[in-house]
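A.B. asks: Handing over start.txt, compact mmCIF, N, CA and C atoms.
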```txt
# COMPACT_ATOMS: atom_id res chain seq x y z
N MET A 1 -14.87 0.65 7.86
CA MET A 1 -14.23 1.35 6.78
C MET A 1 -15.26 2.26 6.12
N LYS A 2 -14.93 3.55 6.04
CA LYS A 2 -15.83 4.50 5.38
C LYS A 2 -15.72 4.33 3.87
N THR A 3 -16.85 4.47 3.20
CA THR A 3 -16.85 4.32 1.75
C THR A 3 -16.46 5.63 1.08
N ILE A 4 -16.02 5.51 -0.15
CA ILE A 4 -15.73 6.68 -0.97
C ILE A 4 -16.52 6.54 -2.26
N SER A 5 -16.57 7.61 -3.02
CA SER A 5 -17.37 7.60 -4.25
C SER A 5 -16.81 6.58 -5.24
N ASN A 6 -17.69 6.08 -6.07
CA ASN A 6 -17.26 5.15 -7.11
C ASN A 6 -16.27 5.80 -8.07
N GLU A 7 -16.45 7.09 -8.32
CA GLU A 7 -15.53 7.81 -9.20
C GLU A 7 -14.12 7.84 -8.60
N ARG A 8 -14.04 8.12 -7.28
CA ARG A 8 -12.73 8.16 -6.61
C ARG A 8 -12.10 6.77 -6.60
N LYS A 9 -12.90 5.74 -6.34
CA LYS A 9 -12.39 4.37 -6.40
C LYS A 9 -11.82 4.06 -7.77
N LYS A 10 -12.55 4.49 -8.80
CA LYS A 10 -12.10 4.25 -10.17
C LYS A 10 -10.78 4.95 -10.45
N GLN A 11 -10.63 6.20 -9.98
CA GLN A 11 -9.37 6.94 -10.17
C GLN A 11 -8.21 6.20 -9.51
N LEU A 12 -8.43 5.75 -8.27
CA LEU A 12 -7.38 5.05 -7.53
C LEU A 12 -7.03 3.73 -8.21
N GLN A 13 -8.04 2.98 -8.64
CA GLN A 13 -7.81 1.71 -9.32
C GLN A 13 -7.04 1.91 -10.61
N GLU A 14 -7.42 2.93 -11.40
CA GLU A 14 -6.73 3.21 -12.66
C GLU A 14 -5.28 3.61 -12.41
N SER A 15 -5.03 4.40 -11.40
CA SER A 15 -3.66 4.78 -11.05
C SER A 15 -2.86 3.54 -10.66
N PHE A 16 -3.45 2.69 -9.82
CA PHE A 16 -2.79 1.45 -9.39
C PHE A 16 -2.47 0.58 -10.61
N ASN A 17 -3.40 0.49 -11.54
CA ASN A 17 -3.22 -0.34 -12.72
C ASN A 17 -2.07 0.14 -13.62
N ARG A 18 -1.69 1.42 -13.51
CA ARG A 18 -0.58 1.96 -14.30
C ARG A 18 0.79 1.65 -13.67
N SER A 19 0.81 1.13 -12.46
CA SER A 19 2.06 0.85 -11.77
C SER A 19 2.76 -0.37 -12.36
N LYS A 20 3.92 -0.14 -12.94
CA LYS A 20 4.70 -1.25 -13.51
C LYS A 20 5.17 -2.21 -12.42
N MET A 21 5.49 -1.67 -11.23
CA MET A 21 5.93 -2.52 -10.12
C MET A 21 4.80 -3.45 -9.69
N MET A 22 3.60 -2.90 -9.54
CA MET A 22 2.49 -3.74 -9.12
C MET A 22 2.10 -4.74 -10.21
N GLU A 23 2.31 -4.37 -11.46
CA GLU A 23 2.08 -5.30 -12.56
C GLU A 23 3.08 -6.46 -12.47
N LEU A 24 4.35 -6.14 -12.22
CA LEU A 24 5.37 -7.17 -12.05
C LEU A 24 5.01 -8.12 -10.90
N PHE A 25 4.49 -7.54 -9.82
CA PHE A 25 4.11 -8.34 -8.64
C PHE A 25 2.82 -9.14 -8.88
N GLY A 26 2.08 -8.83 -9.93
CA GLY A 26 0.79 -9.48 -10.13
C GLY A 26 -0.19 -9.08 -9.04
N ALA A 27 -0.02 -7.87 -8.52
CA ALA A 27 -0.81 -7.39 -7.38
C ALA A 27 -2.21 -6.99 -7.82
N GLU A 28 -3.14 -7.14 -6.90
CA GLU A 28 -4.50 -6.68 -7.15
C GLU A 28 -5.02 -5.92 -5.94
N VAL A 29 -5.87 -4.96 -6.21
CA VAL A 29 -6.53 -4.19 -5.16
C VAL A 29 -7.67 -5.05 -4.63
N THR A 30 -7.67 -5.28 -3.32
CA THR A 30 -8.74 -6.11 -2.73
C THR A 30 -9.58 -5.33 -1.73
N GLY A 31 -9.29 -4.04 -1.57
CA GLY A 31 -10.10 -3.21 -0.70
C GLY A 31 -9.76 -1.74 -0.84
N ILE A 32 -10.79 -0.92 -0.97
CA ILE A 32 -10.61 0.55 -1.01
C ILE A 32 -11.71 1.17 -0.17
N GLY A 33 -11.32 2.07 0.71
CA GLY A 33 -12.26 2.85 1.50
C GLY A 33 -11.62 4.20 1.79
N GLU A 34 -12.32 5.05 2.49
CA GLU A 34 -11.74 6.35 2.84
C GLU A 34 -10.60 6.12 3.84
N GLY A 35 -9.39 6.44 3.40
CA GLY A 35 -8.22 6.25 4.26
C GLY A 35 -7.80 4.79 4.40
N TYR A 36 -8.27 3.93 3.52
CA TYR A 36 -7.96 2.50 3.61
C TYR A 36 -7.65 1.95 2.22
N PHE A 37 -6.61 1.12 2.15
CA PHE A 37 -6.26 0.50 0.87
C PHE A 37 -5.66 -0.87 1.15
N GLU A 38 -6.09 -1.86 0.38
CA GLU A 38 -5.64 -3.24 0.59
C GLU A 38 -5.16 -3.82 -0.73
N ILE A 39 -3.98 -4.46 -0.66
CA ILE A 39 -3.35 -5.07 -1.83
C ILE A 39 -3.05 -6.53 -1.52
N THR A 40 -3.30 -7.41 -2.49
CA THR A 40 -2.99 -8.83 -2.34
C THR A 40 -2.06 -9.26 -3.47
N VAL A 41 -1.03 -10.05 -3.12
CA VAL A 41 -0.13 -10.62 -4.12
C VAL A 41 0.07 -12.10 -3.84
N ALA A 42 0.12 -12.87 -4.91
CA ALA A 42 0.45 -14.29 -4.81
C ALA A 42 1.96 -14.43 -4.90
N LYS A 43 2.49 -15.43 -4.20
CA LYS A 43 3.94 -15.64 -4.20
C LYS A 43 4.45 -15.99 -5.59
N GLN A 44 5.55 -15.33 -5.96
CA GLN A 44 6.29 -15.65 -7.17
C GLN A 44 7.72 -15.96 -6.75
N GLU A 45 8.44 -16.65 -7.60
CA GLU A 45 9.79 -17.10 -7.25
C GLU A 45 10.69 -15.96 -6.80
N PHE A 46 10.64 -14.80 -7.49
CA PHE A 46 11.54 -13.71 -7.14
C PHE A 46 11.21 -13.06 -5.80
N MET A 47 10.05 -13.36 -5.26
CA MET A 47 9.63 -12.78 -3.98
C MET A 47 10.05 -13.63 -2.79
N ALA A 48 10.57 -14.82 -3.05
CA ALA A 48 10.83 -15.77 -1.96
C ALA A 48 12.32 -15.90 -1.65
N ARG A 49 12.59 -16.06 -0.37
CA ARG A 49 13.94 -16.41 0.08
C ARG A 49 14.15 -17.90 -0.15
N PRO A 50 15.40 -18.38 -0.08
CA PRO A 50 15.65 -19.81 -0.30
C PRO A 50 14.84 -20.72 0.63
N ALA A 51 14.54 -20.27 1.83
CA ALA A 51 13.76 -21.09 2.77
C ALA A 51 12.28 -21.11 2.45
N GLY A 52 11.84 -20.31 1.46
CA GLY A 52 10.46 -20.35 1.03
C GLY A 52 9.58 -19.21 1.53
N MET A 53 10.09 -18.41 2.44
CA MET A 53 9.28 -17.29 2.93
C MET A 53 9.43 -16.09 2.00
N PHE A 54 8.44 -15.18 2.04
CA PHE A 54 8.54 -13.93 1.29
C PHE A 54 9.73 -13.14 1.80
N ASN A 55 10.43 -12.46 0.88
CA ASN A 55 11.57 -11.64 1.30
C ASN A 55 11.11 -10.27 1.81
N GLY A 56 11.98 -9.62 2.55
CA GLY A 56 11.66 -8.34 3.16
C GLY A 56 11.41 -7.23 2.16
N SER A 57 12.09 -7.27 1.02
CA SER A 57 11.88 -6.20 0.04
C SER A 57 10.48 -6.25 -0.56
N THR A 58 9.92 -7.43 -0.72
CA THR A 58 8.55 -7.55 -1.21
C THR A 58 7.58 -6.95 -0.19
N ILE A 59 7.80 -7.27 1.08
CA ILE A 59 6.95 -6.75 2.14
C ILE A 59 7.06 -5.23 2.21
N ALA A 60 8.28 -4.70 2.17
CA ALA A 60 8.48 -3.25 2.24
C ALA A 60 7.84 -2.54 1.05
N THR A 61 7.91 -3.14 -0.13
CA THR A 61 7.27 -2.55 -1.30
C THR A 61 5.75 -2.47 -1.11
N LEU A 62 5.17 -3.54 -0.61
CA LEU A 62 3.72 -3.52 -0.37
C LEU A 62 3.33 -2.50 0.68
N VAL A 63 4.16 -2.35 1.71
CA VAL A 63 3.92 -1.33 2.74
C VAL A 63 3.91 0.06 2.10
N ASP A 64 4.91 0.36 1.29
CA ASP A 64 5.04 1.68 0.69
C ASP A 64 3.87 1.99 -0.24
N VAL A 65 3.55 1.05 -1.12
CA VAL A 65 2.49 1.28 -2.11
C VAL A 65 1.12 1.35 -1.43
N SER A 66 0.82 0.41 -0.54
CA SER A 66 -0.49 0.43 0.12
C SER A 66 -0.67 1.70 0.95
N SER A 67 0.39 2.15 1.59
CA SER A 67 0.32 3.37 2.40
C SER A 67 0.06 4.60 1.53
N GLY A 68 0.75 4.69 0.41
CA GLY A 68 0.54 5.83 -0.50
C GLY A 68 -0.88 5.90 -1.00
N TYR A 69 -1.44 4.77 -1.36
CA TYR A 69 -2.82 4.76 -1.84
C TYR A 69 -3.83 4.97 -0.72
N ALA A 70 -3.52 4.51 0.48
CA ALA A 70 -4.40 4.80 1.62
C ALA A 70 -4.44 6.31 1.85
N GLY A 71 -3.27 6.95 1.80
CA GLY A 71 -3.22 8.41 1.95
C GLY A 71 -4.02 9.11 0.87
N ALA A 72 -3.86 8.66 -0.36
CA ALA A 72 -4.60 9.28 -1.47
C ALA A 72 -6.10 9.06 -1.34
N SER A 73 -6.50 7.91 -0.82
CA SER A 73 -7.93 7.62 -0.68
C SER A 73 -8.60 8.46 0.39
N ALA A 74 -7.79 9.07 1.25
CA ALA A 74 -8.33 9.94 2.31
C ALA A 74 -8.58 11.35 1.80
N LYS A 75 -8.13 11.64 0.60
CA LYS A 75 -8.30 12.97 0.01
C LYS A 75 -9.45 12.93 -0.99
N PRO A 76 -10.23 14.00 -1.06
CA PRO A 76 -11.40 14.00 -1.94
C PRO A 76 -11.08 14.12 -3.42
N GLU A 77 -9.88 14.58 -3.75
CA GLU A 77 -9.52 14.75 -5.16
C GLU A 77 -8.18 14.10 -5.42
N ASP A 78 -7.82 14.05 -6.69
CA ASP A 78 -6.56 13.42 -7.06
C ASP A 78 -5.41 14.10 -6.32
N SER A 79 -4.55 13.29 -5.73
CA SER A 79 -3.42 13.81 -4.98
C SER A 79 -2.23 12.89 -5.17
N TYR A 80 -1.07 13.43 -4.91
CA TYR A 80 0.16 12.68 -5.08
C TYR A 80 0.96 12.77 -3.79
N PHE A 81 1.49 11.64 -3.36
CA PHE A 81 2.26 11.58 -2.12
C PHE A 81 3.66 11.07 -2.38
N THR A 82 4.58 11.50 -1.55
CA THR A 82 5.91 10.93 -1.52
C THR A 82 6.19 10.46 -0.10
N THR A 83 6.93 9.39 0.03
CA THR A 83 7.24 8.83 1.34
C THR A 83 8.34 9.66 2.01
N VAL A 84 8.08 10.09 3.23
CA VAL A 84 9.05 10.84 4.02
C VAL A 84 9.80 9.90 4.96
N GLU A 85 9.06 8.97 5.55
CA GLU A 85 9.66 8.01 6.46
C GLU A 85 8.88 6.71 6.39
N LEU A 86 9.61 5.60 6.46
CA LEU A 86 8.98 4.29 6.41
C LEU A 86 9.70 3.40 7.43
N LYS A 87 8.95 2.90 8.38
CA LYS A 87 9.50 2.03 9.43
C LYS A 87 8.74 0.73 9.41
N VAL A 88 9.46 -0.37 9.16
CA VAL A 88 8.83 -1.69 9.11
C VAL A 88 9.37 -2.55 10.24
N ASN A 89 8.48 -3.17 10.98
CA ASN A 89 8.84 -4.19 11.96
C ASN A 89 8.41 -5.53 11.39
N TYR A 90 9.39 -6.39 11.15
CA TYR A 90 9.11 -7.74 10.67
C TYR A 90 8.86 -8.61 11.90
N LEU A 91 7.65 -9.13 12.01
CA LEU A 91 7.23 -9.80 13.24
C LEU A 91 7.29 -11.33 13.17
N ASN A 92 6.97 -11.89 12.03
CA ASN A 92 6.96 -13.34 11.85
C ASN A 92 7.43 -13.67 10.45
N PRO A 93 8.05 -14.85 10.28
CA PRO A 93 8.42 -15.25 8.92
C PRO A 93 7.15 -15.31 8.05
N ALA A 94 7.25 -14.78 6.85
CA ALA A 94 6.09 -14.68 5.97
C ALA A 94 6.00 -15.91 5.07
N PHE A 95 5.67 -17.04 5.67
CA PHE A 95 5.41 -18.26 4.90
C PHE A 95 3.97 -18.20 4.43
N GLY A 96 3.72 -18.77 3.29
CA GLY A 96 2.36 -18.82 2.78
C GLY A 96 2.33 -18.64 1.29
N ARG A 97 1.12 -18.64 0.75
CA ARG A 97 0.93 -18.56 -0.70
C ARG A 97 0.74 -17.13 -1.19
N GLN A 98 0.36 -16.23 -0.26
CA GLN A 98 0.16 -14.84 -0.67
C GLN A 98 0.38 -13.90 0.51
N LEU A 99 0.52 -12.62 0.15
CA LEU A 99 0.60 -11.55 1.14
C LEU A 99 -0.58 -10.61 0.94
N VAL A 100 -1.09 -10.08 2.04
CA VAL A 100 -2.13 -9.07 1.99
C VAL A 100 -1.65 -7.88 2.82
N ALA A 101 -1.56 -6.72 2.18
CA ALA A 101 -1.17 -5.48 2.86
C ALA A 101 -2.44 -4.67 3.11
N LYS A 102 -2.68 -4.31 4.38
CA LYS A 102 -3.86 -3.55 4.76
C LYS A 102 -3.39 -2.24 5.39
N ALA A 103 -3.59 -1.15 4.66
CA ALA A 103 -3.10 0.16 5.10
C ALA A 103 -4.27 1.05 5.52
N GLN A 104 -4.10 1.71 6.67
CA GLN A 104 -5.14 2.58 7.23
C GLN A 104 -4.51 3.90 7.67
N VAL A 105 -5.10 5.02 7.24
CA VAL A 105 -4.60 6.33 7.65
C VAL A 105 -4.84 6.50 9.15
N VAL A 106 -3.80 6.91 9.85
CA VAL A 106 -3.87 7.20 11.28
C VAL A 106 -4.13 8.69 11.49
N LYS A 107 -3.43 9.53 10.72
CA LYS A 107 -3.57 10.99 10.80
C LYS A 107 -3.53 11.54 9.39
N ASN A 108 -4.63 12.19 8.99
CA ASN A 108 -4.73 12.78 7.66
C ASN A 108 -4.49 14.27 7.78
N GLY A 109 -3.24 14.69 7.62
CA GLY A 109 -2.91 16.10 7.76
C GLY A 109 -2.97 16.85 6.45
N LYS A 110 -2.80 18.15 6.54
CA LYS A 110 -2.84 19.00 5.35
C LYS A 110 -1.63 18.74 4.45
N VAL A 111 -0.47 18.53 5.05
CA VAL A 111 0.75 18.25 4.29
C VAL A 111 1.27 16.84 4.59
N LEU A 112 1.34 16.49 5.87
CA LEU A 112 1.85 15.17 6.26
C LEU A 112 0.70 14.25 6.68
N THR A 113 0.79 13.02 6.22
CA THR A 113 -0.20 12.00 6.55
C THR A 113 0.55 10.79 7.11
N VAL A 114 0.02 10.21 8.18
CA VAL A 114 0.64 9.02 8.78
C VAL A 114 -0.28 7.83 8.56
N VAL A 115 0.33 6.73 8.11
CA VAL A 115 -0.43 5.53 7.77
C VAL A 115 0.19 4.33 8.47
N ARG A 116 -0.67 3.45 8.96
CA ARG A 116 -0.22 2.17 9.49
C ARG A 116 -0.55 1.12 8.44
N SER A 117 0.42 0.29 8.11
CA SER A 117 0.18 -0.79 7.16
C SER A 117 0.61 -2.11 7.80
N ASP A 118 -0.31 -3.04 7.84
CA ASP A 118 -0.03 -4.39 8.34
C ASP A 118 0.00 -5.34 7.15
N VAL A 119 1.01 -6.22 7.15
CA VAL A 119 1.15 -7.19 6.06
C VAL A 119 0.98 -8.58 6.65
N PHE A 120 0.04 -9.32 6.07
CA PHE A 120 -0.28 -10.67 6.54
C PHE A 120 0.15 -11.69 5.50
N SER A 121 0.72 -12.79 5.96
CA SER A 121 0.96 -13.92 5.07
C SER A 121 -0.25 -14.84 5.19
N VAL A 122 -0.64 -15.43 4.08
CA VAL A 122 -1.85 -16.26 4.05
C VAL A 122 -1.46 -17.65 3.55
N THR A 123 -1.84 -18.68 4.31
CA THR A 123 -1.53 -20.06 3.95
C THR A 123 -2.56 -20.59 2.96
N ASN A 124 -2.31 -21.79 2.46
CA ASN A 124 -3.25 -22.43 1.53
C ASN A 124 -4.61 -22.66 2.18
N LYS A 125 -4.63 -22.80 3.50
CA LYS A 125 -5.90 -23.01 4.21
C LYS A 125 -6.57 -21.70 4.58
N GLY A 126 -5.98 -20.56 4.19
CA GLY A 126 -6.59 -19.25 4.44
C GLY A 126 -6.23 -18.62 5.77
N LYS A 127 -5.32 -19.25 6.53
CA LYS A 127 -4.92 -18.69 7.82
C LYS A 127 -4.01 -17.48 7.60
N GLU A 128 -4.38 -16.35 8.23
CA GLU A 128 -3.57 -15.13 8.14
C GLU A 128 -2.66 -15.02 9.35
N THR A 129 -1.38 -14.69 9.10
CA THR A 129 -0.42 -14.44 10.16
C THR A 129 0.18 -13.06 9.93
N LEU A 130 0.18 -12.23 10.96
CA LEU A 130 0.77 -10.90 10.84
C LEU A 130 2.27 -11.06 10.67
N ALA A 131 2.76 -10.72 9.49
CA ALA A 131 4.18 -10.85 9.17
C ALA A 131 4.94 -9.57 9.48
N ALA A 132 4.29 -8.41 9.28
CA ALA A 132 4.98 -7.13 9.49
C ALA A 132 3.95 -6.05 9.78
N THR A 133 4.40 -5.07 10.53
CA THR A 133 3.58 -3.87 10.78
C THR A 133 4.48 -2.67 10.54
N SER A 134 3.88 -1.57 10.17
CA SER A 134 4.70 -0.41 9.82
C SER A 134 3.96 0.89 10.09
N LEU A 135 4.75 1.94 10.21
CA LEU A 135 4.25 3.30 10.20
C LEU A 135 4.95 4.03 9.08
N VAL A 136 4.16 4.73 8.28
CA VAL A 136 4.69 5.45 7.12
C VAL A 136 4.21 6.89 7.19
N THR A 137 5.15 7.82 7.03
CA THR A 137 4.80 9.24 6.94
C THR A 137 4.91 9.65 5.49
N LEU A 138 3.84 10.27 5.00
CA LEU A 138 3.76 10.70 3.60
C LEU A 138 3.63 12.22 3.55
N MET A 139 4.18 12.82 2.50
CA MET A 139 3.99 14.24 2.27
C MET A 139 3.18 14.41 0.99
N GLN A 140 2.11 15.20 1.08
CA GLN A 140 1.28 15.45 -0.09
C GLN A 140 1.94 16.52 -0.94
N LEU A 141 2.07 16.23 -2.22
CA LEU A 141 2.60 17.18 -3.18
C LEU A 141 1.46 17.73 -4.00
N SER A 142 1.54 18.98 -4.37
CA SER A 142 0.47 19.61 -5.12
C SER A 142 0.52 19.20 -6.58
N LYS A 143 -0.62 18.77 -7.12
CA LYS A 143 -0.71 18.48 -8.55
C LYS A 143 -1.10 19.74 -9.31
N LYS A 144 -1.66 20.70 -8.60
CA LYS A 144 -2.16 21.90 -9.28
C LYS A 144 -1.08 22.97 -9.44
N ALA A 145 0.03 22.83 -8.73
CA ALA A 145 1.10 23.83 -8.80
C ALA A 145 2.42 23.14 -9.05
N PRO A 146 2.70 22.74 -10.30
CA PRO A 146 3.93 22.01 -10.59
C PRO A 146 5.20 22.75 -10.18
N ASP A 147 5.15 24.09 -10.16
CA ASP A 147 6.32 24.88 -9.77
C ASP A 147 6.64 24.71 -8.28
N LYS A 148 5.71 24.17 -7.49
CA LYS A 148 5.94 23.96 -6.07
C LYS A 148 6.31 22.52 -5.75
N GLN A 149 6.46 21.72 -6.78
CA GLN A 149 6.86 20.33 -6.58
C GLN A 149 8.33 20.29 -6.16
N ILE A 150 8.65 19.27 -5.44
CA ILE A 150 10.05 19.05 -5.07
C ILE A 150 10.70 18.27 -6.19
N ASP A 151 11.82 18.77 -6.71
CA ASP A 151 12.51 18.08 -7.80
C ASP A 151 13.50 17.09 -7.27
```
Write out the structure in this file as structure tokens.
C.D. replies:
Amino acid sequence: MKTISNERKKQLQESFNRSKMMELFGAEVTGIGEGYFEITVAKQEFMARPAGMFNGSTIATLVDVSSGYAGASAKPEDSYFTTVELKVNYLNPAFGRQLVAKAQVVKNGKVLTVVRSDVFSVTNKGKETLAATSLVTLMQLSKKAPDKQID
């Protein structure tokens, strides 16, 4: 994982900290690098299906958020992304005490960026199981030209 400046890490962390959704999830950033972003969440009742596994909407949310921040971390300055396409393959039931989403930029384009995000369920003994993998296409929106934003 390539490192990024402490200032850029701070910007990304502060942006993440403003997310009401991630606050609700009790999510924390557990890794930041150039084109890489990692989020960890502990299981809460609203995240679990009756059988005890994490539900798909929790996994999809982590995929979307981790991918957006991975895309932003690949850019040298503050940038904003919107999701164009999100494809999740649920591979194994996500039993465990927490989820870890690890997102890595595959292609850092001028307008479109493609990110792979893998979500692991973690047991009390620390064993990670790949619960889902995804490909996410993001479109970078300009912060410097609000008139060119998509409404």
A.B. asks: Which residues are close to stretch 115-120 of chain A, i.e. within 6 Å by all atoms listed in the file, leaving aside same-chain residues fewer than 5 positions away? Reply as a VMD selection string.
C.D. replies: chain A and resid 63 67 98 to 107 128 to 138
A.B. asks: Extract, using only C-alpha atoms, all DNA, RNA and protein residues at most 9 Å from A:Ile4, discarding same-chain residues fewer than 6 positions from it, and format them as a PDB file with N, CA and C atoms, in the coordinates of the input.
C.D. replies:
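Saved as selection39.pdb:
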```pdb
ATOM      1  N   ILE A  32     -10.790  -0.920  -0.970  1.00  0.00           N
ATOM      2  CA  ILE A  32     -10.610   0.550  -1.010  1.00  0.00           C
ATOM      3  C   ILE A  32     -11.710   1.170  -0.170  1.00  0.00           C
ATOM      4  N   GLY A  33     -11.320   2.070   0.710  1.00  0.00           N
ATOM      5  CA  GLY A  33     -12.260   2.850   1.500  1.00  0.00           C
ATOM      6  C   GLY A  33     -11.620   4.200   1.790  1.00  0.00           C
ATOM      7  N   GLU A  34     -12.320   5.050   2.490  1.00  0.00           N
ATOM      8  CA  GLU A  34     -11.740   6.350   2.840  1.00  0.00           C
ATOM      9  C   GLU A  34     -10.600   6.120   3.840  1.00  0.00           C
ATOM     10  N   SER A  73      -6.500   7.910  -0.820  1.00  0.00           N
ATOM     11  CA  SER A  73      -7.930   7.620  -0.680  1.00  0.00           C
ATOM     12  C   SER A  73      -8.600   8.460   0.390  1.00  0.00           C
ATOM     13  N   ALA A  74      -7.790   9.070   1.250  1.00  0.00           N
ATOM     14  CA  ALA A  74      -8.330   9.940   2.310  1.00  0.00           C
ATOM     15  C   ALA A  74      -8.580  11.350   1.800  1.00  0.00           C
ATOM     16  N   PRO A  76     -10.230  14.000  -1.060  1.00  0.00           N
ATOM     17  CA  PRO A  76     -11.400  14.000  -1.940  1.00  0.00           C
ATOM     18  C   PRO A  76     -11.080  14.120  -3.420  1.00  0.00           C
TER      19      PRO A  76
END
```
A.B. asks: Which of these, A:Val114, A:Ala94, A:Val122, A:Leu141, has the shortest distance to A:Phe54 once you count all atoms listed in the file?
C.D. replies: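 Checking each of A:Val114, A:Ala94, A:Val122, A:Leu141 against A:Phe54, counting all atoms listed in the file, the winner is A:Ala94.
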A.B. asks: Mind giving me the straight-line distance from atom CA of A:Lys75 to atom CA of A:Glu14 in Å, one decimal?
C.D. replies: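 Those two atoms sit 16.1 Å apart.
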A.B. asks: Per DSSP on the backbone, filter stretch 43-128 of chain A down to the residues in helix (DSSP H, G or I) and report them as an mmCIF file with N, CA and C atoms, in the frame of the given file.
C.D. replies:
```
data_model
loop_
_atom_site.group_PDB
_atom_site.id
_atom_site.type_symbol
_atom_site.label_atom_id
_atom_site.label_comp_id
_atom_site.auth_asym_id
_atom_site.auth_seq_id
_atom_site.Cartn_x
_atom_site.Cartn_y
_atom_site.Cartn_z
ATOM 1 N N GLU A 45 8.440 -16.650 -7.600
ATOM 2 C CA GLU A 45 9.790 -17.100 -7.250
ATOM 3 C C GLU A 45 10.690 -15.960 -6.800
ATOM 4 N N PHE A 46 10.640 -14.800 -7.490
ATOM 5 C CA PHE A 46 11.540 -13.710 -7.140
ATOM 6 C C PHE A 46 11.210 -13.060 -5.800
ATOM 7 N N MET A 47 10.050 -13.360 -5.260
ATOM 8 C CA MET A 47 9.630 -12.780 -3.980
ATOM 9 C C MET A 47 10.050 -13.630 -2.790
ATOM 10 N N GLY A 56 11.980 -9.620 2.550
ATOM 11 C CA GLY A 56 11.660 -8.340 3.160
ATOM 12 C C GLY A 56 11.410 -7.230 2.160
ATOM 13 N N SER A 57 12.090 -7.270 1.020
ATOM 14 C CA SER A 57 11.880 -6.200 0.040
ATOM 15 C C SER A 57 10.480 -6.250 -0.560
ATOM 16 N N THR A 58 9.920 -7.430 -0.720
ATOM 17 C CA THR A 58 8.550 -7.550 -1.210
ATOM 18 C C THR A 58 7.580 -6.950 -0.190
ATOM 19 N N ILE A 59 7.800 -7.270 1.080
ATOM 20 C CA ILE A 59 6.950 -6.750 2.140
ATOM 21 C C ILE A 59 7.060 -5.230 2.210
ATOM 22 N N ALA A 60 8.280 -4.700 2.170
ATOM 23 C CA ALA A 60 8.480 -3.250 2.240
ATOM 24 C C ALA A 60 7.840 -2.540 1.050
ATOM 25 N N THR A 61 7.910 -3.140 -0.130
ATOM 26 C CA THR A 61 7.270 -2.550 -1.300
ATOM 27 C C THR A 61 5.750 -2.470 -1.110
ATOM 28 N N LEU A 62 5.170 -3.540 -0.610
ATOM 29 C CA LEU A 62 3.720 -3.520 -0.370
ATOM 30 C C LEU A 62 3.330 -2.500 0.680
ATOM 31 N N VAL A 63 4.160 -2.350 1.710
ATOM 32 C CA VAL A 63 3.920 -1.330 2.740
ATOM 33 C C VAL A 63 3.910 0.060 2.100
ATOM 34 N N ASP A 64 4.910 0.360 1.290
ATOM 35 C CA ASP A 64 5.040 1.680 0.690
ATOM 36 C C ASP A 64 3.870 1.990 -0.240
ATOM 37 N N VAL A 65 3.550 1.050 -1.120
ATOM 38 C CA VAL A 65 2.490 1.280 -2.110
ATOM 39 C C VAL A 65 1.120 1.350 -1.430
ATOM 40 N N SER A 66 0.820 0.410 -0.540
ATOM 41 C CA SER A 66 -0.490 0.430 0.120
ATOM 42 C C SER A 66 -0.670 1.700 0.950
ATOM 43 N N SER A 67 0.390 2.150 1.590
ATOM 44 C CA SER A 67 0.320 3.370 2.400
ATOM 45 C C SER A 67 0.060 4.600 1.530
ATOM 46 N N GLY A 68 0.750 4.690 0.410
ATOM 47 C CA GLY A 68 0.540 5.830 -0.500
ATOM 48 C C GLY A 68 -0.880 5.900 -1.000
ATOM 49 N N TYR A 69 -1.440 4.770 -1.360
ATOM 50 C CA TYR A 69 -2.820 4.760 -1.840
ATOM 51 C C TYR A 69 -3.830 4.970 -0.720
ATOM 52 N N ALA A 70 -3.520 4.510 0.480
ATOM 53 C CA ALA A 70 -4.400 4.800 1.620
ATOM 54 C C ALA A 70 -4.440 6.310 1.850
ATOM 55 N N GLY A 71 -3.270 6.950 1.800
ATOM 56 C CA GLY A 71 -3.220 8.410 1.950
ATOM 57 C C GLY A 71 -4.020 9.110 0.870
ATOM 58 N N ALA A 72 -3.860 8.660 -0.360
ATOM 59 C CA ALA A 72 -4.600 9.280 -1.470
ATOM 60 C C ALA A 72 -6.100 9.060 -1.340
ATOM 61 N N SER A 73 -6.500 7.910 -0.820
ATOM 62 C CA SER A 73 -7.930 7.620 -0.680
ATOM 63 C C SER A 73 -8.600 8.460 0.390
#
```
A.B. asks: To one decimal place in Å, what is the distance between atom N of A:Gly109 and atom C of A:Gly35?
C.D. replies: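 Calculated distance between atom N of A:Gly109 and atom C of A:Gly35 is 11.4 Å.
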A.B. asks: Would you compute the distance between atom CA of A:Thr123 and atom CA of A:Val88? Give it in Å to one decimal.
C.D. replies: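 Here the two named atoms are 21.7 Å from each other.
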A.B. asks: Per DSSP on the backbone, filter stretch 1-141 of chain A down to the residues in strand (DSSP E or B) and report them as a ChimeraX atom specification.
C.D. replies: /A:28-33,36-42,48,54,80-90,98-108,112-122,128-141
